[in-house]
Amino acid sequence: MPLWFIRGLRRGVVTTRYPARPDDSAALLPTPPSFRPGALTIAVADRLAQVCPSRALTREGEVLLYDVGACTACGRCRAEVPAAVTDSGQFELAATIRARLIKRIPLADGGRAPGSGAEVSP
Amino acid sequence: MTAGTDTSRGVKETSEALREAVARQFGRSLHIRTLDTGSCAACEQEIRLLAAPHYDLHRLGFFFTPAPRHADLLMATGPMIRAFGPAARKTYEAMPGPKLVVATGACALGGVYQPDAFTHGGIAGTLPVDVWIPGCPPSPLALLQGLLVAVGRLAEKVQDLSFTQNGTPR
Amino acid sequence: MNPLPVLAGAAAAWGLAALIALIAGASRPWTRACCVVSGLGGAAALAGGAASLISGNSRVVTAGGSVVVGTLQLQATSLAGVFVALLGLIAVATAAYVPRYHEPGRGTGLYLAVYNLALLASLAVLVAGNVVTFLVAWETMALLCYLLILRRPRRAEVAAGAFWFLALSETGFVLIIAAFVILAAKTHTMQLDGIAARAHLVSGGWRDAAYLLALTGFGFKAGLVPLHVWLPEAHPVAPADGSAFLSGLITKLGVYGIALFGFWLLPGGPAWRGILTMAAGAVTAAIGILYALGERDIKRFLAFSTIENIGIIVTAFGAAMTFWAYHQRLLWAFLLLAGLYHVINHGSYKTLLFLEAGVIEHATGTREFDRLGGLARRMPRASVITFVGTLGIAALPPFNGFVSEWLIFQGLFQGFRTGSHLIAILIVLAAATLGLTGGLAIYAFVRGYGIPFLGMPRTRQAAQASEARQPVAGPALLAVACAALAVGAPVVLAALARAMRTVTGVSLRPELLPGNLTVIPAHTKFSGFSPTWLAVFLLAITAVPVLIYLAGRPRAASVTGPVWDGGIVAFKPRMQYSAMTFSAPTRVTFDALYRPSVSLRRASDDPAGRSGPVHYETEVTPVFERYLYRPVIRAFEWLADVVRPIQSGDVNLYLFYVFAAVLVAYLIAAL
């Protein structure tokens, strides 16, 4: 016990260097999901909206409204429809405008191909 | 005063400049007052870890203080139960300006609890929020990113994320 | 100036006031007239007392008498002058207080008659010139005070409280008679100054016996522990001015008796006498204030505080006697002077506090600390006056309590001048005990003033208290007297020093007041301070920040906001200290003295306490009643049971008693 400092010297510095160096350790924890628009039919979207306990997912016409801020990363949507939902691994999610956390994901039935390019909030 | 978008751009530029000035002031040293408006304390446990050696917010110039009079930033968790509303307003008003409010966790952002007779369902109606940090609970790294965004030392990235899988960066 | 005619005028005024009250006391204007006359008598007594301080012992005046009571002789002594002046001050203050306090009626008329006669009897005790006068006046005073306490005989506990007073007073009286009889028999004179002149003729053993009997007998009246139990019983049940009179003057009559025997009739004596007196005083002071801290009732609290102050005075007297035994005559006279000064001071602020306790009781209907609160906003005049009295009794500068306690402490600190290590240590122990009581007194009076007057009202009665039509002139007069006694301490001390020259023969003035405003404790190179300049200085330093604020207003823009209170939404009265929780640290520390009994009843054993209220009751064990008085009372009851068969009611047996008595008398005469 008196030699704890030697143990510390041997172990080295354990403090994270974030934000100077990237630190992805938090990506291993549960994070809000990502969706595969190709698998998102209207029926699937309705099922996802019903199963989310935090009301983060709602279907508005041909679009799935996904409130990242309300998501608790519980994993129920992924358990319900594994084909459409996957873990995003994103944890740096701070926003200065609340609307930036509400993502509009077009559904597959809407006739539009699952597009490329970023979906930006208004 | 010009009409329409010119005015809004002028206002927007001014607010951005003001935000930058405030961020410059806070960037090197920030005192944080945490406020539990009725949470389950998971967010509080993650906030507590910020002071532990692994995350160590002191190296970034952030400090916790219990006194709102000494605080620059109010870090609020929990869904703002109605009984706590007056106390939350008193805490906010006791802080001298310039001040920031950070809503932390899904409860504070409006998820989990719907507004009812006992809770407001989120802190947005009671306190003017500057930065929103999602998570349940947000990990200490997410909290650090949120604080650094609040003082302008990091840029936001969530607006560029699409949360869709095919063909676009995640 | 001969004080006796002035005092005779005072006595006549009080007799007249008693007569007015007896005949016409049921109507309000006559009550006022009675009080005016009584107040005039008080003023005369105050003047006469002050005069007798300065003019020395007057001659003995024979005022008639009869075969039954013997000759009545009066003498106004310097020693009694202090007490006469105090009597006058109290009489004036209560005369101003009574009209608004008592409702006019037949009961009030009788009460005022008894009260004025009690004033008269107290004056007679103080100016008694021979043993018989003293004893007759003393017993009359005791009986009249018993009637005073019985103002409302049908209320609960009044009869019990008055009975405690009477029983202990009579017990003390027996011992006082014994002490006087020993002295009168041994010196073959009944006049007090004759006894004083011939006391050296009495052998040492009889002198010590007489002194011990006097200490115990007068200790009953003064309230020395363990003879004090009547004080907390009698004070709460008497009307406010009656309690004030009891605490302010009657206990001081006990002190006067101890001073009479210790310094005039039997001056000097072996050192153990002084040590014993000093120890009794120190123990009384400590126990008095410790019990005061556990009280919920304002008047019981003040009664125990009186016991504490009597202890301080008796400690000073005891230390003085000790110094005499070691040939330190300056300190002997000095401590007697300090003790007498504390008598006046305590009389003035304790009377004030009791009168204000009566005002509080009439304004809110309760005497309990935990039912009051926030009275400073509702009753501003009463709160200011009580604050002056509280500062005095807590011995805080610049008020009079501070000056007299400073003098006593400075006298005690000079114990090293006795030259005996043991005695010096004992005196220092007494000083340490007084230090403890001083600290506890501040604590007790922060509680005694803060709980009723500051904070939020704890009950509806406190929230609706009003001081309209409450008496204010009497207590205000006493507050002014407290301030005057402090700032004018040099004047008072000069008069007392003059009195000391008469009583002790020591010229104290140059050793006490070297300049005009500085006071030193009987030796120049020890310490000194000036009460007058201290008061001026304190006023100045509180005025300076006020002046700075008024002169330069801050010019920077400032925002006024509410105080950060932790976000409490609304303060509730139950969030404050209660009187018992405030004094809880003392009760925990001195647990061995209080021996509290705790009873705890729960509605159920649910650990979360969900199933109903918990009843928690704690009570301080009355140590003296249980372990001293009850056994004594039981012993007497047993004795009475043993002796009862003598009174069998059988006429034949009584005739036999007569026959046996005649036979015995014949045999004695024949032999």
# chains A, B, ... in the order shown; residues from 1 in each chain; ligands from 1

$ interface_residues --of "chain B" --to "chain C" --cutoff "7 Å" --atoms "only C-alpha atoms" --output "VMD selection string"
chain B and resid 86 to 87 90 to 91 94

$ residues_around --residues "Lys157 in chain B" --least-positions-apart "5" --cutoff "12 Å" --atoms "only C-alpha atoms" --output "list of chain:residue names"
A:Gln90, A:Phe91, A:Glu92, A:Leu93, A:Ala94, A:Ala95, A:Thr96, A:Ile97, A:Arg100, A:Leu101, A:Val120, B:Ala142, B:Gln145, B:Gly146, B:Val149, B:Ser162, B:Arg170

$ residues_around --residues "Glu80 in chain A" --least-positions-apart "5" --cutoff "9 Å" --atoms "only C-alpha atoms" --output "PDB file with N, CA and C atoms, in the first residue's frame"
ATOM      1  N   ARG A  47     -45.344  -0.175 -36.146  1.00  0.00           N
ATOM      2  CA  ARG A  47     -44.953  -1.067 -35.051  1.00  0.00           C
ATOM      3  C   ARG A  47     -43.875  -0.422 -34.179  1.00  0.00           C
ATOM      4  N   LEU A  48     -42.904   0.214 -34.832  1.00  0.00           N
ATOM      5  CA  LEU A  48     -41.826   0.847 -34.063  1.00  0.00           C
ATOM      6  C   LEU A  48     -42.365   1.973 -33.177  1.00  0.00           C
ATOM      7  N   VAL A  51     -44.005   0.518 -30.123  1.00  0.00           N
ATOM      8  CA  VAL A  51     -43.214  -0.193 -29.134  1.00  0.00           C
ATOM      9  C   VAL A  51     -42.253   0.748 -28.380  1.00  0.00           C
ATOM     10  N   GLY A  75     -33.464  -0.252 -26.705  1.00  0.00           N
ATOM     11  CA  GLY A  75     -33.282  -1.391 -27.600  1.00  0.00           C
ATOM     12  C   GLY A  75     -34.550  -2.110 -27.967  1.00  0.00           C
ATOM     13  N   VAL A  85     -33.494  -1.833 -37.826  1.00  0.00           N
ATOM     14  CA  VAL A  85     -32.886  -0.982 -36.802  1.00  0.00           C
ATOM     15  C   VAL A  85     -31.510  -1.519 -36.454  1.00  0.00           C
TER      16      VAL A  85
END

$ residues_around --residues "Gly89 in chain A" --least-positions-apart "5" --cutoff "9 Å" --atoms "only C-alpha atoms" --output "ChimeraX atom specification"
/A:24,26-34 /B:170

$ select_by_dssp --residues "range 376-507 of chain C" --states "alpha helix (DSSP H)" --output "NGL selection string"
:C and (376-378 or 380-393 or 400-413 or 421-453 or 460-463 or 473-487 or 489-504)

$ select_by_dssp --residues "chain B" --states "strand (DSSP E)" --output "NGL selection string"
:B and (30-36 or 62-64 or 73-77 or 100-104 or 131-133)

$ decode --residues "range 152-197 of chain C" --atoms "N, CA and C atoms" --output "PDB file, in the first residue's frame"
ATOM      1  N   ARG C 152     -54.741  34.179  41.996  1.00  0.00           N
ATOM      2  CA  ARG C 152     -55.822  33.451  41.323  1.00  0.00           C
ATOM      3  C   ARG C 152     -55.881  32.065  41.942  1.00  0.00           C
ATOM      4  N   PRO C 153     -56.484  31.927  43.095  1.00  0.00           N
ATOM      5  CA  PRO C 153     -56.352  30.673  43.822  1.00  0.00           C
ATOM      6  C   PRO C 153     -57.027  29.488  43.163  1.00  0.00           C
ATOM      7  N   ARG C 154     -57.969  29.730  42.268  1.00  0.00           N
ATOM      8  CA  ARG C 154     -58.672  28.578  41.720  1.00  0.00           C
ATOM      9  C   ARG C 154     -58.016  28.029  40.467  1.00  0.00           C
ATOM     10  N   ARG C 155     -56.963  28.691  39.997  1.00  0.00           N
ATOM     11  CA  ARG C 155     -56.310  28.142  38.806  1.00  0.00           C
ATOM     12  C   ARG C 155     -55.431  26.978  39.213  1.00  0.00           C
ATOM     13  N   ALA C 156     -55.142  26.127  38.219  1.00  0.00           N
ATOM     14  CA  ALA C 156     -54.356  24.925  38.511  1.00  0.00           C
ATOM     15  C   ALA C 156     -52.968  25.315  38.986  1.00  0.00           C
ATOM     16  N   GLU C 157     -52.471  24.632  39.932  1.00  0.00           N
ATOM     17  CA  GLU C 157     -51.080  24.735  40.382  1.00  0.00           C
ATOM     18  C   GLU C 157     -50.756  26.003  41.137  1.00  0.00           C
ATOM     19  N   VAL C 158     -51.686  26.909  41.257  1.00  0.00           N
ATOM     20  CA  VAL C 158     -51.375  28.121  42.019  1.00  0.00           C
ATOM     21  C   VAL C 158     -51.215  27.777  43.481  1.00  0.00           C
ATOM     22  N   ALA C 159     -52.139  26.963  43.989  1.00  0.00           N
ATOM     23  CA  ALA C 159     -52.069  26.626  45.416  1.00  0.00           C
ATOM     24  C   ALA C 159     -50.791  25.863  45.715  1.00  0.00           C
ATOM     25  N   ALA C 160     -50.405  24.952  44.813  1.00  0.00           N
ATOM     26  CA  ALA C 160     -49.186  24.172  45.064  1.00  0.00           C
ATOM     27  C   ALA C 160     -47.964  25.073  45.059  1.00  0.00           C
ATOM     28  N   GLY C 161     -47.894  25.969  44.103  1.00  0.00           N
ATOM     29  CA  GLY C 161     -46.742  26.868  44.022  1.00  0.00           C
ATOM     30  C   GLY C 161     -46.639  27.765  45.240  1.00  0.00           C
ATOM     31  N   ALA C 162     -47.792  28.302  45.657  1.00  0.00           N
ATOM     32  CA  ALA C 162     -47.764  29.170  46.833  1.00  0.00           C
ATOM     33  C   ALA C 162     -47.386  28.379  48.065  1.00  0.00           C
ATOM     34  N   PHE C 163     -47.829  27.131  48.134  1.00  0.00           N
ATOM     35  CA  PHE C 163     -47.509  26.339  49.312  1.00  0.00           C
ATOM     36  C   PHE C 163     -46.020  26.053  49.402  1.00  0.00           C
ATOM     37  N   TRP C 164     -45.396  25.763  48.241  1.00  0.00           N
ATOM     38  CA  TRP C 164     -43.951  25.576  48.270  1.00  0.00           C
ATOM     39  C   TRP C 164     -43.269  26.812  48.829  1.00  0.00           C
ATOM     40  N   PHE C 165     -43.717  27.987  48.378  1.00  0.00           N
ATOM     41  CA  PHE C 165     -43.114  29.223  48.868  1.00  0.00           C
ATOM     42  C   PHE C 165     -43.244  29.313  50.373  1.00  0.00           C
ATOM     43  N   LEU C 166     -44.476  29.078  50.869  1.00  0.00           N
ATOM     44  CA  LEU C 166     -44.709  29.275  52.293  1.00  0.00           C
ATOM     45  C   LEU C 166     -43.928  28.266  53.109  1.00  0.00           C
ATOM     46  N   ALA C 167     -43.938  27.007  52.653  1.00  0.00           N
ATOM     47  CA  ALA C 167     -43.290  25.958  53.451  1.00  0.00           C
ATOM     48  C   ALA C 167     -41.795  26.246  53.590  1.00  0.00           C
ATOM     49  N   LEU C 168     -41.141  26.560  52.476  1.00  0.00           N
ATOM     50  CA  LEU C 168     -39.711  26.802  52.564  1.00  0.00           C
ATOM     51  C   LEU C 168     -39.416  28.108  53.278  1.00  0.00           C
ATOM     52  N   SER C 169     -40.301  29.087  53.130  1.00  0.00           N
ATOM     53  CA  SER C 169     -40.080  30.331  53.838  1.00  0.00           C
ATOM     54  C   SER C 169     -40.138  30.115  55.344  1.00  0.00           C
ATOM     55  N   GLU C 170     -41.108  29.323  55.779  1.00  0.00           N
ATOM     56  CA  GLU C 170     -41.221  29.091  57.219  1.00  0.00           C
ATOM     57  C   GLU C 170     -40.049  28.286  57.743  1.00  0.00           C
ATOM     58  N   THR C 171     -39.602  27.298  56.941  1.00  0.00           N
ATOM     59  CA  THR C 171     -38.431  26.530  57.377  1.00  0.00           C
ATOM     60  C   THR C 171     -37.231  27.437  57.569  1.00  0.00           C
ATOM     61  N   GLY C 172     -37.044  28.317  56.604  1.00  0.00           N
ATOM     62  CA  GLY C 172     -35.944  29.263  56.733  1.00  0.00           C
ATOM     63  C   GLY C 172     -36.127  30.165  57.937  1.00  0.00           C
ATOM     64  N   PHE C 173     -37.370  30.540  58.185  1.00  0.00           N
ATOM     65  CA  PHE C 173     -37.628  31.464  59.286  1.00  0.00           C
ATOM     66  C   PHE C 173     -37.217  30.860  60.612  1.00  0.00           C
ATOM     67  N   VAL C 174     -37.488  29.557  60.776  1.00  0.00           N
ATOM     68  CA  VAL C 174     -37.075  28.906  62.025  1.00  0.00           C
ATOM     69  C   VAL C 174     -35.570  29.031  62.217  1.00  0.00           C
ATOM     70  N   LEU C 175     -34.825  28.785  61.144  1.00  0.00           N
ATOM     71  CA  LEU C 175     -33.377  28.872  61.251  1.00  0.00           C
ATOM     72  C   LEU C 175     -32.917  30.307  61.513  1.00  0.00           C
ATOM     73  N   ILE C 176     -33.622  31.270  60.899  1.00  0.00           N
ATOM     74  CA  ILE C 176     -33.241  32.666  61.133  1.00  0.00           C
ATOM     75  C   ILE C 176     -33.478  33.047  62.583  1.00  0.00           C
ATOM     76  N   ILE C 177     -34.615  32.615  63.119  1.00  0.00           N
ATOM     77  CA  ILE C 177     -34.884  32.897  64.535  1.00  0.00           C
ATOM     78  C   ILE C 177     -33.765  32.320  65.382  1.00  0.00           C
ATOM     79  N   ALA C 178     -33.392  31.073  65.062  1.00  0.00           N
ATOM     80  CA  ALA C 178     -32.337  30.446  65.862  1.00  0.00           C
ATOM     81  C   ALA C 178     -31.061  31.267  65.806  1.00  0.00           C
ATOM     82  N   ALA C 179     -30.694  31.714  64.600  1.00  0.00           N
ATOM     83  CA  ALA C 179     -29.458  32.474  64.466  1.00  0.00           C
ATOM     84  C   ALA C 179     -29.514  33.767  65.281  1.00  0.00           C
ATOM     85  N   PHE C 180     -30.631  34.482  65.150  1.00  0.00           N
ATOM     86  CA  PHE C 180     -30.739  35.738  65.893  1.00  0.00           C
ATOM     87  C   PHE C 180     -30.758  35.490  67.385  1.00  0.00           C
ATOM     88  N   VAL C 181     -31.441  34.441  67.813  1.00  0.00           N
ATOM     89  CA  VAL C 181     -31.546  34.183  69.249  1.00  0.00           C
ATOM     90  C   VAL C 181     -30.168  33.887  69.825  1.00  0.00           C
ATOM     91  N   ILE C 182     -29.378  33.106  69.091  1.00  0.00           N
ATOM     92  CA  ILE C 182     -28.020  32.828  69.585  1.00  0.00           C
ATOM     93  C   ILE C 182     -27.267  34.124  69.792  1.00  0.00           C
ATOM     94  N   LEU C 183     -27.317  34.994  68.775  1.00  0.00           N
ATOM     95  CA  LEU C 183     -26.545  36.222  68.887  1.00  0.00           C
ATOM     96  C   LEU C 183     -27.077  37.124  69.979  1.00  0.00           C
ATOM     97  N   ALA C 184     -28.398  37.241  70.050  1.00  0.00           N
ATOM     98  CA  ALA C 184     -28.973  38.144  71.047  1.00  0.00           C
ATOM     99  C   ALA C 184     -28.671  37.645  72.445  1.00  0.00           C
ATOM    100  N   ALA C 185     -28.747  36.323  72.605  1.00  0.00           N
ATOM    101  CA  ALA C 185     -28.502  35.783  73.942  1.00  0.00           C
ATOM    102  C   ALA C 185     -27.044  35.956  74.336  1.00  0.00           C
ATOM    103  N   LYS C 186     -26.140  35.761  73.379  1.00  0.00           N
ATOM    104  CA  LYS C 186     -24.730  35.813  73.740  1.00  0.00           C
ATOM    105  C   LYS C 186     -24.221  37.234  73.929  1.00  0.00           C
ATOM    106  N   THR C 187     -24.859  38.203  73.242  1.00  0.00           N
ATOM    107  CA  THR C 187     -24.382  39.580  73.393  1.00  0.00           C
ATOM    108  C   THR C 187     -25.267  40.394  74.318  1.00  0.00           C
ATOM    109  N   HIS C 188     -26.324  39.780  74.803  1.00  0.00           N
ATOM    110  CA  HIS C 188     -27.205  40.423  75.776  1.00  0.00           C
ATOM    111  C   HIS C 188     -27.814  41.714  75.279  1.00  0.00           C
ATOM    112  N   THR C 189     -28.026  41.809  73.996  1.00  0.00           N
ATOM    113  CA  THR C 189     -28.729  42.976  73.488  1.00  0.00           C
ATOM    114  C   THR C 189     -29.548  42.567  72.289  1.00  0.00           C
ATOM    115  N   MET C 190     -30.636  43.285  72.092  1.00  0.00           N
ATOM    116  CA  MET C 190     -31.477  42.972  70.957  1.00  0.00           C
ATOM    117  C   MET C 190     -31.239  43.912  69.784  1.00  0.00           C
ATOM    118  N   GLN C 191     -30.555  45.017  70.027  1.00  0.00           N
ATOM    119  CA  GLN C 191     -30.369  45.969  68.943  1.00  0.00           C
ATOM    120  C   GLN C 191     -29.303  45.471  67.998  1.00  0.00           C
ATOM    121  N   LEU C 192     -29.510  45.664  66.717  1.00  0.00           N
ATOM    122  CA  LEU C 192     -28.588  45.111  65.738  1.00  0.00           C
ATOM    123  C   LEU C 192     -27.209  45.776  65.827  1.00  0.00           C
ATOM    124  N   ASP C 193     -27.172  47.082  65.979  1.00  0.00           N
ATOM    125  CA  ASP C 193     -25.835  47.674  66.050  1.00  0.00           C
ATOM    126  C   ASP C 193     -25.150  47.323  67.365  1.00  0.00           C
ATOM    127  N   GLY C 194     -25.952  47.063  68.397  1.00  0.00           N
ATOM    128  CA  GLY C 194     -25.348  46.573  69.627  1.00  0.00           C
ATOM    129  C   GLY C 194     -24.721  45.203  69.425  1.00  0.00           C
ATOM    130  N   ILE C 195     -25.419  44.345  68.721  1.00  0.00           N
ATOM    131  CA  ILE C 195     -24.881  43.014  68.447  1.00  0.00           C
ATOM    132  C   ILE C 195     -23.588  43.135  67.634  1.00  0.00           C
ATOM    133  N   ALA C 196     -23.619  44.038  66.651  1.00  0.00           N
ATOM    134  CA  ALA C 196     -22.430  44.194  65.820  1.00  0.00           C
ATOM    135  C   ALA C 196     -21.252  44.664  66.639  1.00  0.00           C
ATOM    136  N   ALA C 197     -21.536  45.561  67.600  1.00  0.00           N
ATOM    137  CA  ALA C 197     -20.438  46.092  68.414  1.00  0.00           C
ATOM    138  C   ALA C 197     -19.859  45.038  69.334  1.00  0.00           C
TER     139      ALA C 197
END
